[in-house]
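Okay, so here's the structure we're looking at.
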Amino acid sequence: MDVSWVWAISNFGALGKDGKSTAKFANWDIAVMPSYNGTTSSPTDADTFTIMKTSEHPNEAFQAMAAIMADKNLQIVYGGMPAATSDQQAWFDQFDTYLNQIFPGNKVSWSVLQEMENYPADPSPEADVPNFTKVTQLADAFYTSLQGTAGLNVDNEITKLQTNIQKAFDEAAASPSPTAS
């Protein structure tokens, strides 16, 4: 089992340069996220397009975004399910056609993806993380310890990680935030 986003399906397999499947397995499906303490949430990953006022090519950026939104094939390559429910079934059908080349005969329960939209994670995994670089370093160090330290007391390490992340958050809260321009 893996928690993943739709756009990451290519990690399961893709079409190689020779047009053959590189699939790591033949059959897979999606399912409802397990609940935690009675609460179900989904790591919803909503992509948005932003054109900064400092962009050197705002018109070209807008044209690229409009092209992705207008072309069903580009939407498939981009990997994100359309937010407009009226576009979703066509996207599923086209994505199934594409995926059938990689995973012949595999059927995906796309209704689960639609249902999980009703349970967004709060806070969102896309939300700003205070002191992001430090928190990421702490999480990476924790993961490295998990992978390479025999006899590690995981409960103690989780407590230390939580404490250190809270300190990083507190440091961020104590610092003046930059103003947006």
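Labels used: A, B, ... for chains in the order of the structure tokens, numbers from 1 for residues in each chain, and numbers from 1 for ligands as shown.
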
How would you write, as a count of residues only, the set of residues in stretch 14-175 of chain A that DSSP gives as strand (DSSP E or B)?
6

Applying 9 Å and only C-alpha atoms, which residues near A:Lys24 remain after dropping the ones on its own chain fewer than 4 positions away? List them as a PDB file with N, CA and C atoms, in the first residue's frame.
ATOM      1  N   ASN A  11       5.075   6.653 -11.393  1.00  0.00           N
ATOM      2  CA  ASN A  11       6.072   5.950 -10.587  1.00  0.00           C
ATOM      3  C   ASN A  11       5.807   4.443 -10.564  1.00  0.00           C
ATOM      4  N   PHE A  12       4.556   4.058 -10.828  1.00  0.00           N
ATOM      5  CA  PHE A  12       4.209   2.629 -10.863  1.00  0.00           C
ATOM      6  C   PHE A  12       4.655   2.003 -12.177  1.00  0.00           C
ATOM      7  N   GLY A  13       4.703   2.802 -13.210  1.00  0.00           N
ATOM      8  CA  GLY A  13       5.079   2.321 -14.528  1.00  0.00           C
ATOM      9  C   GLY A  13       4.768   3.380 -15.554  1.00  0.00           C
TER      10      GLY A  13
END

Practice task
Pick out the residues sitting within 10 Å of stretch 88-91 of chain A, and hand them over as a list in words; count only C-alpha atoms, and ignore anything fewer than 2 positions along from it in its own chain.
Solution key: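 So the residues in contact are Lys72, Asn73, Gln75, Ile76, Gly79, Gly80, Met81, Pro82, Ala83, Ala84, Thr85, Ser86, Asp93, Gln94, Phe95, Asp96, Thr97, Trp110, Ser111 and Gln114 of chain A.
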
Per DSSP on the backbone, what are the alpha helix (DSSP H) residues of stretch 68-125 of chain A, as a VMD selection string? chain A and resid 68 to 70 72 to 78 85 to 102 110 to 116

Judged by only C-alpha atoms, the minimum distance to A:Ser10 among A:Phe92, A:Tyr36, A:Tyr98, A:Phe132 is found for A:Tyr98

inquiry  = What's the separation between atom CA of A:Thr22 and atom CA of A:Val3, in Å to one decimal place?
reply    =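 Computing it gives 20.5 Å between the two atoms.
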
- May I have the residues within 12 Å of A:Ala173 as a PyMOL selection string, using only C-alpha atoms and disregarding those fewer than 6 positions away in the same chain? chain A and resi 129-131+166-167

Store the residues picked out above in a file with all heavy atoms, as a short mmCIF file (atom, residue, chain, number, x, y, z; two decimals), in the first residue's frame.
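Dumped to part.cif:
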data_model
loop_
_atom_site.label_atom_id
_atom_site.label_comp_id
_atom_site.auth_asym_id
_atom_site.auth_seq_id
_atom_site.Cartn_x
_atom_site.Cartn_y
_atom_site.Cartn_z
N VAL A 129 4.60 25.94 5.48
CA VAL A 129 5.18 25.36 6.69
C VAL A 129 6.15 26.38 7.27
O VAL A 129 7.11 26.76 6.59
CB VAL A 129 5.93 24.03 6.39
CG1 VAL A 129 6.67 23.53 7.61
CG2 VAL A 129 4.97 22.99 5.86
N PRO A 130 5.90 26.85 8.48
CA PRO A 130 6.84 27.80 9.08
C PRO A 130 8.23 27.17 9.20
O PRO A 130 8.37 25.99 9.54
CB PRO A 130 6.24 28.06 10.46
CG PRO A 130 4.83 27.62 10.37
CD PRO A 130 4.79 26.53 9.35
N ASN A 131 9.25 27.95 8.90
CA ASN A 131 10.63 27.48 9.02
C ASN A 131 10.84 26.22 8.18
O ASN A 131 11.45 25.24 8.62
CB ASN A 131 10.99 27.25 10.49
CG ASN A 131 12.45 27.56 10.78
OD1 ASN A 131 13.26 27.70 9.88
ND2 ASN A 131 12.76 27.67 12.06
N GLN A 166 8.38 21.66 16.77
CA GLN A 166 7.68 22.73 17.50
C GLN A 166 8.62 23.90 17.76
O GLN A 166 8.24 25.06 17.63
CB GLN A 166 7.09 22.21 18.81
CG GLN A 166 6.22 23.22 19.52
CD GLN A 166 5.03 23.66 18.67
OE1 GLN A 166 4.24 22.83 18.25
NE2 GLN A 166 4.92 24.96 18.41
N LYS A 167 9.89 23.62 18.13
CA LYS A 167 10.87 24.69 18.34
C LYS A 167 11.07 25.48 17.05
O LYS A 167 11.16 26.72 17.07
CB LYS A 167 12.21 24.11 18.79
CG LYS A 167 12.24 23.67 20.24
CD LYS A 167 13.61 23.10 20.59
CE LYS A 167 13.61 22.51 21.98
NZ LYS A 167 14.89 21.85 22.30
#

_Distance criterion (only C-alpha atoms): nearest to A:Ala23 out of A:Asn106, A:Asn37, A:Ser55, A:Ser42_ =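 Of A:Asn106, A:Asn37, A:Ser55, A:Ser42, the one nearest A:Ala23 is A:Asn106, counting only C-alpha atoms.
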
* Tell me which protein, DNA and RNA residues are within 7 Å of stretch 30-34 of chain A, counting only C-alpha atoms, leaving out same-chain ones fewer than 6 positions away, and put them as a list in words. => Thr40, Ser41, Ser42, Val108, Ser109, Val112 and Met116 of chain A

Separating atom CA of A:Phe49 from atom CA of A:Pro120, to the nearest tenth of an Å, is a gap of 19.8 Å

* **Straight-line distance linking atom CA of A:Ala139 with atom CA of A:Ser35, stated in Å to one decimal** =>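 These atoms are spaced 23.0 Å apart.
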
Non-local contacts of A:Phe62 (8 Å; only C-alpha atoms; under 4 positions in same chain excluded) as a count of residues only: 3

Min atom-atom distance to A:Trp28 from the set A:Met52, A:Ala70, A:Val154, A:Ile9, counting only C-alpha atoms, belongs to A:Ile9

Handout entry: Within 12 Å of A:Ile165 using only C-alpha atoms, minus same-chain residues under 2 positions, as a PyMOL selection string
Key = chain A and resi 129-142+158-163+167-172
